[in-house]
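Text of model_34.txt (compact mmCIF, C-alpha atoms and all ligand atoms) as supplied:
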```
# COMPACT_ATOMS: atom_id res chain seq x y z
CA LYS A 1 0.00 0.00 0.00
CA ARG A 2 1.42 3.38 -0.99
CA ALA A 3 1.88 6.27 1.40
CA ALA A 4 -0.49 9.22 1.10
CA ALA A 5 0.81 12.00 -1.16
CA HIS A 6 2.90 14.60 0.66
CA CYS A 7 2.06 18.25 0.40
CA ILE A 8 3.91 21.25 -0.95
CA GLU A 9 4.35 24.06 1.56
CA GLY A 10 1.83 26.86 1.13
CA THR A 11 -0.59 24.71 -0.88
CA GLU A 12 -2.89 21.75 -0.32
CA ARG A 13 -4.67 19.21 -2.46
CA PHE A 14 -8.43 19.26 -1.98
CA VAL A 15 -11.64 18.03 -3.56
CA SER A 16 -13.94 20.71 -4.96
CA THR A 17 -17.66 20.26 -5.54
CA ASP A 18 -17.68 20.90 -9.28
CA LYS A 19 -14.18 20.12 -10.55
CA GLY A 20 -13.03 17.11 -8.54
CA ARG A 21 -9.53 17.22 -7.07
CA GLY A 22 -7.53 20.42 -7.28
CA LEU A 23 -4.95 22.57 -5.55
CA ARG A 24 -5.53 25.53 -3.24
CA ALA A 25 -3.42 28.08 -1.38
CA VAL A 26 -3.13 27.87 2.39
CA ARG A 27 -1.18 31.12 2.66
CA HIS A 28 -0.93 34.42 0.82
CA PHE A 29 1.10 34.62 -2.43
CA SER A 30 1.84 37.95 -4.10
CA VAL A 31 1.99 38.55 -7.85
CA GLY A 32 5.25 37.16 -9.25
CA GLU A 33 5.88 34.87 -6.28
CA LEU A 34 6.91 31.24 -6.91
CA VAL A 35 4.10 28.95 -5.69
CA PHE A 36 5.99 25.72 -6.35
CA ALA A 37 8.41 24.05 -8.73
CA CYS A 38 8.19 20.52 -10.12
CA PRO A 39 11.00 18.60 -11.83
CA ALA A 40 9.87 16.63 -14.91
CA TYR A 41 8.96 13.01 -14.22
CA SER A 42 9.83 12.20 -17.83
CA TYR A 43 10.68 14.47 -20.75
CA VAL A 44 11.91 14.41 -24.32
CA LEU A 45 13.60 17.04 -26.48
CA THR A 46 11.81 17.63 -29.77
CA VAL A 47 13.64 16.32 -32.86
CA ASN A 48 13.83 19.77 -34.51
CA GLU A 49 15.87 21.23 -31.62
CA ARG A 50 18.55 18.53 -31.64
CA GLY A 51 21.96 20.15 -31.63
CA ALA A 52 20.62 23.43 -30.21
CA TYR A 53 19.69 22.12 -26.74
CA CYS A 54 21.24 19.55 -24.39
CA GLU A 55 19.04 16.41 -24.36
CA GLN A 56 19.55 16.00 -20.62
CA CYS A 57 19.27 19.50 -19.08
CA PHE A 58 17.65 21.51 -21.94
CA THR A 59 20.42 24.14 -21.84
CA ARG A 60 20.70 26.14 -25.06
CA ARG A 61 24.34 26.57 -26.12
CA GLU A 62 26.46 26.42 -29.23
CA ASP A 63 29.27 24.19 -27.99
CA LEU A 64 27.31 20.98 -27.39
CA PHE A 65 28.95 17.70 -28.40
CA LYS A 66 27.18 14.77 -30.00
CA CYS A 67 26.67 11.17 -28.98
CA GLY A 68 29.41 9.21 -30.76
CA LYS A 69 27.09 6.30 -31.57
CA CYS A 70 23.93 7.81 -33.10
CA LYS A 71 25.44 11.27 -33.78
CA GLN A 72 21.96 12.74 -33.20
CA ALA A 73 21.75 13.49 -29.46
CA TYR A 74 23.78 16.45 -28.14
CA TYR A 75 25.08 17.19 -24.63
CA CYS A 76 26.77 19.93 -22.57
CA ASN A 77 29.40 17.52 -21.26
CA VAL A 78 30.06 13.95 -20.18
CA ASP A 79 27.99 14.39 -17.01
CA CYS A 80 24.87 15.31 -18.99
CA GLN A 81 25.48 12.44 -21.38
CA ARG A 82 25.88 9.94 -18.52
CA GLY A 83 22.78 11.34 -16.82
CA ASP A 84 20.70 10.80 -19.95
CA TRP A 85 22.13 7.42 -20.96
CA SER A 86 19.51 5.27 -19.19
CA MET A 87 16.83 7.02 -21.32
CA HIS A 88 18.82 7.72 -24.48
CA LYS A 89 20.15 4.15 -24.69
CA MET A 90 16.99 2.69 -26.21
CA GLU A 91 16.62 5.53 -28.74
CA CYS A 92 20.33 5.47 -29.57
CA LEU A 93 20.17 1.78 -30.48
CA ALA A 94 16.82 2.15 -32.28
CA MET A 95 17.98 5.18 -34.28
CA CYS A 96 21.15 3.35 -35.35
CA ALA A 97 19.11 0.32 -36.38
CA TYR A 98 16.28 2.14 -38.20
CA GLY A 99 18.33 4.93 -39.77
CA GLU A 100 16.10 7.23 -41.81
CA ASN A 101 13.06 5.09 -41.03
CA TRP A 102 13.13 6.08 -37.35
CA CYS A 103 10.08 8.35 -36.95
CA PRO A 104 8.00 7.73 -33.81
CA SER A 105 5.84 10.70 -32.72
CA GLU A 106 6.89 12.79 -29.73
CA THR A 107 4.09 11.27 -27.64
CA VAL A 108 5.36 7.76 -28.44
CA ARG A 109 8.92 8.79 -27.51
CA LEU A 110 7.67 10.27 -24.23
CA VAL A 111 5.63 7.20 -23.36
CA ALA A 112 8.65 4.95 -24.03
CA ARG A 113 10.57 7.01 -21.47
CA ILE A 114 7.72 6.84 -18.95
CA ILE A 115 7.70 3.04 -19.25
CA LEU A 116 11.46 2.90 -18.58
CA LYS A 117 11.13 5.32 -15.67
CA GLN A 118 8.33 3.25 -14.13
CA LYS A 119 10.60 0.21 -14.24
CA VAL A 120 13.34 1.86 -12.18
CA THR A 121 11.17 3.81 -9.69
CA THR A 122 9.39 2.05 -6.88
CA GLU A 123 8.82 5.08 -4.66
CA GLN A 124 6.99 8.35 -5.03
CA THR A 125 9.23 10.66 -7.10
CA PRO A 126 9.93 14.37 -6.30
CA SER A 127 7.59 15.21 -9.22
CA GLU A 128 4.68 13.51 -7.46
CA ARG A 129 4.39 15.21 -4.08
CA LEU A 130 0.71 15.99 -4.71
CA LEU A 131 -0.39 13.61 -7.44
CA LEU A 132 0.97 10.26 -8.62
CA LEU A 133 1.27 9.63 -12.34
CA LYS A 134 -0.65 6.37 -11.96
CA ASP A 135 -3.58 8.35 -10.48
CA PHE A 136 -3.90 10.57 -13.58
CA GLU A 137 -7.34 10.76 -15.16
CA SER A 138 -7.48 8.94 -18.50
CA HIS A 139 -11.14 9.69 -19.51
CA LEU A 140 -11.05 6.39 -21.43
CA ASP A 141 -14.85 6.20 -21.28
CA LYS A 142 -15.13 9.48 -23.21
CA MET A 143 -12.89 8.51 -26.13
CA ASP A 144 -14.55 8.59 -29.54
CA SER A 145 -13.58 6.37 -32.48
CA ILE A 146 -11.09 8.90 -33.91
CA LYS A 147 -9.23 9.17 -30.61
CA ASP A 148 -9.38 5.41 -30.21
CA GLU A 149 -7.80 4.93 -33.63
CA MET A 150 -5.04 7.40 -32.82
CA ASN A 151 -4.42 5.63 -29.54
CA GLN A 152 -4.12 2.27 -31.34
CA ALA A 153 -1.73 3.80 -33.89
CA ASP A 154 0.46 5.10 -31.05
CA ILE A 155 0.56 1.65 -29.46
CA ALA A 156 1.51 0.06 -32.78
CA ALA A 157 4.30 2.64 -33.25
CA LEU A 158 5.60 2.02 -29.74
CA HIS A 159 5.84 -1.72 -30.44
CA HIS A 160 7.35 -1.12 -33.86
CA PHE A 161 10.13 1.24 -32.76
CA TYR A 162 10.85 0.14 -29.21
CA SER A 163 9.91 -3.52 -28.64
CA ARG A 164 13.48 -4.70 -29.23
CA TYR A 165 14.86 -2.12 -26.79
CA ILE A 166 12.38 -2.21 -23.87
CA ASN A 167 11.88 -5.46 -21.99
CA ASP A 168 8.27 -6.44 -21.17
CA ILE A 169 6.30 -3.57 -22.69
CA PRO A 170 2.98 -3.34 -20.74
CA ASP A 171 -0.09 -5.03 -22.26
CA ASP A 172 -2.33 -3.14 -24.70
CA GLN A 173 -4.96 -2.31 -22.09
CA SER A 174 -2.34 -0.62 -19.86
CA LEU A 175 -0.84 1.17 -22.87
CA THR A 176 -4.24 2.44 -23.98
CA GLU A 177 -4.69 3.95 -20.52
CA LEU A 178 -1.14 5.35 -20.38
CA PHE A 179 -1.43 7.09 -23.77
CA ALA A 180 -4.82 8.53 -22.78
CA GLN A 181 -3.34 9.77 -19.47
CA VAL A 182 -0.41 11.38 -21.27
CA ASN A 183 -2.72 13.01 -23.84
CA CYS A 184 -4.77 14.84 -21.22
CA ASN A 185 -2.08 15.44 -18.57
CA GLY A 186 1.07 16.01 -20.65
CA PHE A 187 2.80 19.37 -21.06
CA THR A 188 4.75 20.90 -23.89
CA ILE A 189 7.90 22.84 -22.98
CA GLU A 190 8.42 26.10 -24.86
CA ASP A 191 11.20 28.70 -24.88
CA GLU A 192 10.69 32.42 -24.18
CA GLU A 193 9.42 33.03 -27.72
CA LEU A 194 7.04 30.07 -27.34
CA SER A 195 8.97 27.84 -29.76
CA HIS A 196 8.33 24.20 -28.99
CA LEU A 197 11.25 22.49 -27.21
CA GLY A 198 9.79 19.21 -26.10
CA SER A 199 7.15 17.25 -24.17
CA ALA A 200 7.09 16.31 -20.52
CA ILE A 201 5.13 14.96 -17.57
CA PHE A 202 4.81 17.13 -14.43
CA PRO A 203 2.34 15.29 -12.16
CA ASP A 204 2.04 18.00 -9.47
CA VAL A 205 1.45 20.72 -12.09
CA ALA A 206 -1.23 18.53 -13.69
CA LEU A 207 -3.20 18.58 -10.41
CA MET A 208 -4.18 22.22 -10.99
CA ASN A 209 -7.56 22.78 -12.60
CA HIS A 210 -8.17 25.11 -15.52
CA SER A 211 -9.52 28.67 -15.65
CA CYS A 212 -9.75 31.08 -18.59
CA ASN A 213 -8.75 33.76 -16.07
CA PRO A 214 -5.85 31.88 -14.43
CA ASN A 215 -4.13 33.07 -11.25
CA VAL A 216 -0.84 31.27 -12.00
CA ILE A 217 1.43 30.79 -15.03
CA VAL A 218 3.71 27.81 -15.69
CA THR A 219 7.20 28.48 -17.11
CA TYR A 220 10.25 26.27 -17.49
CA LYS A 221 13.79 26.40 -16.18
CA GLY A 222 15.54 23.64 -18.09
CA THR A 223 13.36 20.60 -17.41
CA VAL A 224 11.81 22.01 -14.20
CA ALA A 225 8.33 23.55 -14.30
CA GLU A 226 7.82 26.65 -12.17
CA VAL A 227 4.40 27.89 -11.11
CA ARG A 228 4.13 31.61 -10.30
CA ALA A 229 1.20 33.71 -9.12
CA VAL A 230 -0.03 36.26 -11.69
CA GLN A 231 -2.88 37.34 -9.43
CA GLU A 232 -2.77 37.66 -5.67
CA LEU A 233 -3.61 34.36 -3.94
CA ASN A 234 -5.22 34.27 -0.51
CA PRO A 235 -5.60 31.30 1.84
CA GLY A 236 -8.43 29.10 0.53
CA ASP A 237 -8.20 30.34 -3.09
CA GLU A 238 -8.09 27.57 -5.68
CA ILE A 239 -4.86 27.73 -7.72
CA LEU A 240 -5.89 27.76 -11.38
CA ASN A 241 -3.81 27.44 -14.51
CA SER A 242 -4.85 27.78 -18.15
CA TYR A 243 -4.66 24.64 -20.31
CA ILE A 244 -5.30 26.43 -23.59
CA ASP A 245 -4.55 29.50 -25.67
CA LEU A 246 -6.84 32.19 -24.22
CA LEU A 247 -7.03 34.33 -27.38
CA TYR A 248 -10.25 32.79 -28.66
CA PRO A 249 -13.93 33.51 -27.79
CA THR A 250 -15.83 31.47 -25.22
CA GLU A 251 -17.46 29.01 -27.63
CA ASP A 252 -14.10 28.10 -29.18
CA ARG A 253 -12.44 27.67 -25.78
CA LYS A 254 -15.28 25.43 -24.63
CA GLU A 255 -14.97 23.24 -27.75
CA ARG A 256 -11.21 22.95 -27.30
CA LEU A 257 -11.44 22.08 -23.57
CA LEU A 258 -14.15 19.49 -24.17
CA ASP A 259 -12.29 17.89 -27.06
CA SER A 260 -8.85 17.72 -25.42
CA TYR A 261 -9.63 17.62 -21.69
CA PHE A 262 -13.23 16.36 -21.53
CA PHE A 263 -14.78 19.03 -19.31
CA THR A 264 -16.90 22.17 -19.54
CA CYS A 265 -15.28 25.28 -18.09
CA LEU A 266 -17.36 27.10 -15.50
CA CYS A 267 -15.01 30.04 -14.91
CA SER A 268 -16.23 33.64 -14.71
CA GLU A 269 -14.94 34.45 -18.23
CA CYS A 270 -16.95 31.57 -19.70
CA PHE A 271 -19.98 32.78 -17.76
CA THR A 272 -19.83 36.54 -18.48
CA LYS A 273 -18.22 36.19 -21.94
CA SER A 274 -17.06 39.75 -21.28
CA LYS A 275 -14.33 39.71 -23.91
CA ASP A 276 -16.23 37.94 -26.71
CA LYS A 277 -17.57 41.06 -28.38
CA GLU A 278 -14.11 42.57 -28.81
CA LYS A 279 -12.70 39.20 -29.86
CA ILE A 280 -15.16 38.80 -32.74
CA LYS A 281 -15.23 42.49 -33.62
CA ILE A 282 -16.88 43.43 -36.92
CA ARG A 283 -15.60 46.13 -39.28
CA LYS A 284 -17.27 49.48 -38.51
CA ASN A 285 -18.95 50.21 -41.86
CA ILE A 286 -20.55 46.77 -42.11
CA PRO A 287 -24.23 46.58 -41.19
CA PRO A 288 -24.44 43.51 -38.95
CA GLU A 289 -25.99 40.65 -40.89
CA PRO A 290 -25.92 37.78 -38.42
CA GLU A 291 -25.88 35.04 -41.10
CA LYS A 292 -22.94 36.52 -42.96
CA ILE A 293 -21.01 37.00 -39.75
CA GLN A 294 -21.76 33.46 -38.63
CA SER A 295 -20.68 31.94 -41.92
CA MET A 296 -17.41 33.93 -41.81
CA ILE A 297 -16.76 32.66 -38.28
CA CYS A 298 -17.35 29.13 -39.58
CA TYR A 299 -14.92 29.72 -42.45
CA ALA A 300 -12.27 31.03 -40.04
CA LYS A 301 -12.68 28.14 -37.60
CA ASN A 302 -12.48 25.51 -40.34
CA LEU A 303 -9.37 27.13 -41.75
CA ILE A 304 -7.71 27.21 -38.32
CA GLU A 305 -8.54 23.53 -37.82
CA GLU A 306 -7.16 22.69 -41.27
CA PHE A 307 -3.92 24.52 -40.47
CA ARG A 308 -3.66 22.72 -37.15
CA ARG A 309 -4.03 19.33 -38.79
CA ALA A 310 -1.66 20.12 -41.65
CA LYS A 311 0.97 21.27 -39.15
CA HIS A 312 0.50 18.01 -37.29
CA TYR A 313 1.30 16.05 -40.43
CA LYS A 314 4.12 18.41 -41.39
CA ASN A 315 3.08 18.69 -45.02
CA ILE A 316 2.73 22.42 -45.52
CA LEU A 317 4.73 24.20 -48.20
CA LEU A 318 5.59 27.66 -46.94
CA PRO A 319 5.09 30.13 -49.84
CA PRO A 320 1.60 28.73 -50.64
CA LEU A 321 0.87 28.93 -46.91
CA LEU A 322 1.72 32.64 -46.83
CA GLU A 323 -0.49 33.17 -49.87
CA LEU A 324 -3.34 31.31 -48.17
CA CYS A 325 -2.94 33.48 -45.05
CA GLU A 326 -3.08 36.65 -47.14
CA LEU A 327 -6.09 35.45 -49.14
CA SER A 328 -7.98 34.52 -46.00
CA LEU A 329 -7.10 37.88 -44.40
CA ASP A 330 -8.54 39.64 -47.47
CA LYS A 331 -11.68 37.54 -47.35
CA MET A 332 -12.25 37.83 -43.59
CA GLY A 333 -11.25 41.49 -43.64
CA SER A 334 -14.39 42.32 -45.59
CA ILE A 335 -16.38 41.62 -42.43
CA PHE A 336 -13.95 41.32 -39.49
CA ALA A 337 -12.05 44.23 -37.91
CA ASP A 338 -8.24 44.01 -37.84
CA THR A 339 -8.39 43.35 -34.09
CA ASN A 340 -10.71 40.32 -34.54
CA VAL A 341 -8.99 37.21 -33.13
CA TYR A 342 -9.48 35.19 -36.33
CA MET A 343 -7.67 37.93 -38.23
CA LEU A 344 -4.95 37.91 -35.56
CA HIS A 345 -4.64 34.13 -35.83
CA MET A 346 -3.95 34.37 -39.56
CA MET A 347 -1.55 37.30 -39.09
CA TYR A 348 0.33 35.23 -36.49
CA GLN A 349 0.62 32.34 -38.96
CA ALA A 350 1.79 34.73 -41.68
CA MET A 351 4.35 36.25 -39.29
CA GLY A 352 5.66 32.75 -38.53
CA VAL A 353 6.15 32.04 -42.25
CA CYS A 354 7.91 35.41 -42.73
CA LEU A 355 10.26 34.64 -39.82
CA TYR A 356 10.98 31.21 -41.25
CA MET A 357 11.73 32.70 -44.68
CA GLN A 358 13.84 35.44 -43.04
CA ASP A 359 11.57 38.19 -44.38
CA TRP A 360 12.20 40.42 -41.35
CA GLU A 361 10.31 43.46 -42.66
CA GLY A 362 7.25 41.35 -43.40
CA ALA A 363 7.39 39.72 -39.97
CA MET A 364 7.73 43.13 -38.30
CA ARG A 365 4.69 44.49 -40.13
CA TYR A 366 2.53 41.57 -38.98
CA GLY A 367 3.94 41.80 -35.44
CA GLU A 368 3.03 45.48 -35.23
CA LYS A 369 -0.56 44.72 -36.22
CA ILE A 370 -0.83 41.89 -33.71
CA ILE A 371 0.73 43.30 -30.56
CA HIS A 372 -1.84 45.88 -29.41
CA PRO A 373 -4.96 43.74 -29.90
CA TYR A 374 -3.05 40.89 -28.21
CA SER A 375 -2.47 43.06 -25.14
CA PHE A 376 -6.16 43.61 -24.55
CA HIS A 377 -7.50 40.17 -25.56
CA TYR A 378 -5.12 38.27 -23.28
CA PRO A 379 -4.99 38.50 -19.45
CA ALA A 380 -2.65 41.06 -17.87
CA TYR A 381 0.26 38.64 -17.60
CA SER A 382 0.46 36.45 -20.66
CA LEU A 383 3.32 34.49 -22.21
CA ASN A 384 1.73 35.04 -25.63
CA VAL A 385 1.99 38.81 -25.20
CA ALA A 386 5.50 38.66 -23.72
CA SER A 387 6.79 36.46 -26.55
CA MET A 388 5.24 38.74 -29.18
CA TYR A 389 7.01 41.76 -27.63
CA LEU A 390 10.25 39.74 -27.62
CA LYS A 391 9.95 38.75 -31.27
CA LEU A 392 9.09 42.31 -32.23
CA GLY A 393 11.96 43.70 -30.14
CA HIS A 394 14.44 41.37 -31.82
CA LEU A 395 13.08 42.28 -35.27
CA TYR A 396 13.42 46.01 -34.53
CA LEU A 397 16.99 45.61 -33.30
CA GLY A 398 17.87 43.50 -36.34
CA LEU A 399 16.46 46.26 -38.57
CA GLU A 400 18.47 48.95 -36.72
CA LYS A 401 15.38 50.44 -35.07
CA ARG A 402 17.01 50.77 -31.66
CA THR A 403 14.50 52.93 -29.78
CA GLN A 404 11.53 50.80 -30.79
CA GLY A 405 13.53 47.63 -30.11
CA VAL A 406 14.44 48.63 -26.57
CA LYS A 407 10.87 49.73 -25.88
CA ALA A 408 9.45 46.37 -27.00
CA LEU A 409 12.04 44.38 -25.02
CA LYS A 410 11.20 46.39 -21.90
CA LYS A 411 7.52 45.53 -22.34
CA ALA A 412 8.43 41.84 -22.63
CA LEU A 413 10.66 42.12 -19.58
CA SER A 414 7.92 43.58 -17.38
CA ILE A 415 5.75 40.52 -18.02
CA MET A 416 8.60 38.00 -17.82
CA GLU A 417 9.81 39.31 -14.44
CA VAL A 418 6.44 38.21 -13.05
CA ALA A 419 5.84 35.07 -15.14
CA HIS A 420 9.41 33.68 -15.24
CA GLY A 421 10.71 35.34 -12.07
CA LYS A 422 13.37 38.04 -11.75
CA ASP A 423 16.21 35.50 -11.50
CA HIS A 424 15.36 33.49 -14.64
CA TYR A 425 18.10 33.26 -17.28
CA TYR A 426 15.64 34.41 -19.95
CA VAL A 427 15.14 37.62 -17.95
CA ALA A 428 18.91 38.09 -17.58
CA GLU A 429 19.30 37.61 -21.34
CA VAL A 430 16.72 40.28 -22.21
CA LYS A 431 18.30 42.68 -19.70
CA ARG A 432 21.68 42.10 -21.36
CA GLU A 433 20.18 42.80 -24.80
CA ILE A 434 18.71 46.09 -23.54
CA GLU A 435 22.02 47.03 -21.89
CA GLU A 436 23.92 46.42 -25.14
CA GLN A 437 21.88 49.11 -26.90
CA LYS A 438 23.01 51.88 -24.54
ZN ZN B 501 23.30 19.54 -20.31
ZN ZN B 502 23.18 8.12 -29.22
ZN ZN B 503 -13.44 29.32 -18.82
```
Go ahead and render the structure in this file as structure tokens.
Ligand SMILES: [Zn+2]
Ligand SMILES: [Zn+2]
Ligand SMILES: [Zn+2]
Amino acid sequence: KRAAAHCIEGTERFVSTDKGRGLRAVRHFSVGELVFACPAYSYVLTVNERGAYCEQCFTRREDLFKCGKCKQAYYCNVDCQRGDWSMHKMECLAMCAYGENWCPSETVRLVARIILKQKVTTEQTPSERLLLLKDFESHLDKMDSIKDEMNQADIAALHHFYSRYINDIPDDQSLTELFAQVNCNGFTIEDEELSHLGSAIFPDVALMNHSCNPNVIVTYKGTVAEVRAVQELNPGDEILNSYIDLLYPTEDRKERLLDSYFFTCLCSECFTKSKDKEKIKIRKNIPPEPEKIQSMICYAKNLIEEFRRAKHYKNILLPPLLELCELSLDKMGSIFADTNVYMLHMMYQAMGVCLYMQDWEGAMRYGEKIIHPYSFHYPAYSLNVASMYLKLGHLYLGLEKRTQGVKALKKALSIMEVAHGKDHYYVAEVKREIEEQK
């Protein structure tokens, strides 16, 4: 019989009437204060960032050295390589054996690591002071046939790529549950500009319930998740994190939460819908014809979903993508205002393509259109807003627009000092960049 979960000072696990288990404060926390930190239980660096980040500690540096066997994993030094070997071993052998045919998804890679970790851990890990991984919700009963098919495909891929390198892979029933648990409790790790770095499991962080007006933000220091207050917390307050991008109107957020996390949000934003009108703002000279507006919203949502899927399958060609963004902006712009979130979504995509194609002027122009609407659609402290100011600041500096660059970086800094904490290396880096302009 396992021991009861320990607590984290200043917080306690509790059971709420409408949301099930959750986390609440037992003392006061001020804005910017660290509520708790949680080391990753398991994690995996994304394939695209190999060579830029250490596989073991997620440090970004240029002088990493590569694994002599597979020549694909990179490390700070021998210590990091040794530390990662128990996990990297199976991938190292598999990558050598499969060569170019090695292509498991990031979820499959993460689950392979969880299985290995479960083999070597018998006790509660430091990542599970509040919630054990094996007690994660799986919502297996709510899976539809599409999700079930994806789950089966993941299991097949796990067997295909790892069966020769992991002894006694759990049976299919256990794997079905594990993949479902990872899908609704897993985290993605991003850098300060919100570029994807990898996937990870943080059990204690997963205990927090969702709100569209969250009072904490999760950031990462290497492979450790840090939870900081972005609103004052008083004893008894539930600690609430956001699971989703908060840009979109209530209906869209509800759909997303139900589809990915299987619940209906009951937060005050979802109840009052206070920001919806601004989020779906219509161009001033357009007489409101509800049907036309509704059909344009449908068009926008379908397009966003198409983009999301295409990105998932990595089969987008960039110049046609930029053209599609511009065409859809023209079409939507006949009804939607420039500050409408569907317009902003397409501008953000277009900006991403410009950055990728090193069209700095183009990226800057989109960034300038996005930043102000972003600041009022998102909550006061938002990583989306901070990262947009960062990107814009870097673009300005690259284009020799010093004053504007410094101004944008300072805006980013003021959010990051709260969200990441004053002592975070990302904060130090931005401060250094500002200092260099003097
Ligand atoms: Zn390292
Ligand atoms: Zn290797
Ligand atoms: Zn909500």
Excluding same-chain residues fewer than 4 positions from Val230 in chain A, what lies within 6 Å of it counting only C-alpha atoms, as number ranges by chain? A: 31-32, 215-216
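Shortest atom-to-atom contact with Cys57 in chain A among A:Thr125, A:Ser105, A:Gly222, A:Ser42: A:Gly222, counting only C-alpha atoms.
Rounded to one decimal, CA of Ala408 in chain A and CA of Leu392 in chain A lie 6.6 Å from each other.
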For ligand ZN 502 (chain B), collect every residue having any atom at a distance of at most 12 Å from a ligand atom (counting all atoms listed in the file); output as a ChimeraX atom specification. /A:50,55,65-75,81-82,84-97
Taking into account all atoms listed in the file, which residue in the set A:Leu395, A:Val385, A:Phe179, A:Phe271 is nearest to Lys254 in chain A? A:Phe271
Within 12 Å of range 302-311 of chain A, counting only C-alpha atoms, which residues qualify if same-chain residues fewer than 2 places away don't, as a PDB file with C-alpha atoms, in the coordinates of the input?
```pdb
ATOM      1  CA  TYR A 248     -10.250  32.790 -28.660  1.00  0.00           C
ATOM      2  CA  ASP A 252     -14.100  28.100 -29.180  1.00  0.00           C
ATOM      3  CA  GLU A 255     -14.970  23.240 -27.750  1.00  0.00           C
ATOM      4  CA  ARG A 256     -11.210  22.950 -27.300  1.00  0.00           C
ATOM      5  CA  SER A 295     -20.680  31.940 -41.920  1.00  0.00           C
ATOM      6  CA  MET A 296     -17.410  33.930 -41.810  1.00  0.00           C
ATOM      7  CA  ILE A 297     -16.760  32.660 -38.280  1.00  0.00           C
ATOM      8  CA  CYS A 298     -17.350  29.130 -39.580  1.00  0.00           C
ATOM      9  CA  TYR A 299     -14.920  29.720 -42.450  1.00  0.00           C
ATOM     10  CA  ALA A 300     -12.270  31.030 -40.040  1.00  0.00           C
ATOM     11  CA  TYR A 313       1.300  16.050 -40.430  1.00  0.00           C
ATOM     12  CA  LYS A 314       4.120  18.410 -41.390  1.00  0.00           C
ATOM     13  CA  ASN A 315       3.080  18.690 -45.020  1.00  0.00           C
ATOM     14  CA  ILE A 316       2.730  22.420 -45.520  1.00  0.00           C
ATOM     15  CA  LEU A 317       4.730  24.200 -48.200  1.00  0.00           C
ATOM     16  CA  LEU A 318       5.590  27.660 -46.940  1.00  0.00           C
ATOM     17  CA  LEU A 321       0.870  28.930 -46.910  1.00  0.00           C
ATOM     18  CA  LEU A 322       1.720  32.640 -46.830  1.00  0.00           C
ATOM     19  CA  LEU A 324      -3.340  31.310 -48.170  1.00  0.00           C
ATOM     20  CA  CYS A 325      -2.940  33.480 -45.050  1.00  0.00           C
ATOM     21  CA  LEU A 327      -6.090  35.450 -49.140  1.00  0.00           C
ATOM     22  CA  SER A 328      -7.980  34.520 -46.000  1.00  0.00           C
ATOM     23  CA  LEU A 329      -7.100  37.880 -44.400  1.00  0.00           C
ATOM     24  CA  MET A 332     -12.250  37.830 -43.590  1.00  0.00           C
ATOM     25  CA  VAL A 341      -8.990  37.210 -33.130  1.00  0.00           C
ATOM     26  CA  TYR A 342      -9.480  35.190 -36.330  1.00  0.00           C
ATOM     27  CA  MET A 343      -7.670  37.930 -38.230  1.00  0.00           C
ATOM     28  CA  LEU A 344      -4.950  37.910 -35.560  1.00  0.00           C
ATOM     29  CA  HIS A 345      -4.640  34.130 -35.830  1.00  0.00           C
ATOM     30  CA  MET A 346      -3.950  34.370 -39.560  1.00  0.00           C
ATOM     31  CA  MET A 347      -1.550  37.300 -39.090  1.00  0.00           C
ATOM     32  CA  TYR A 348       0.330  35.230 -36.490  1.00  0.00           C
ATOM     33  CA  GLN A 349       0.620  32.340 -38.960  1.00  0.00           C
ATOM     34  CA  ALA A 350       1.790  34.730 -41.680  1.00  0.00           C
TER      35      ALA A 350
END
```
In terms of the shortest atom-to-atom distance over all atoms listed in the file, which of A:Asn48, A:Asn384, A:Ser16, A:Thr176 is closest to Asp245 in chain A?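 Result for the nearest residue to Asp245 in chain A: A:Asn384.
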Please write out the residues within 10 Å of ligand ZN 503 (chain B) as a list in words, counting only C-alpha atoms and all ligand atoms.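 I would give the residues around ligand ZN 503 (chain B) as His210, Ser211, Cys212, Asn213, Pro214, Ser242, Ile244, Leu246, Pro249, Thr250, Glu251, Arg253, Lys254, Leu257, Thr264, Cys265, Leu266, Cys267, Ser268, Glu269, Cys270, Phe271, Thr272 and Lys273 of chain A.
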Give me, as a VMD selection string, the set of residues whose atoms come within 7 Å of any atom of ligand ZN 501 (chain B), counting all atoms listed in the file. chain A and resid 54 to 59 75 to 77 80
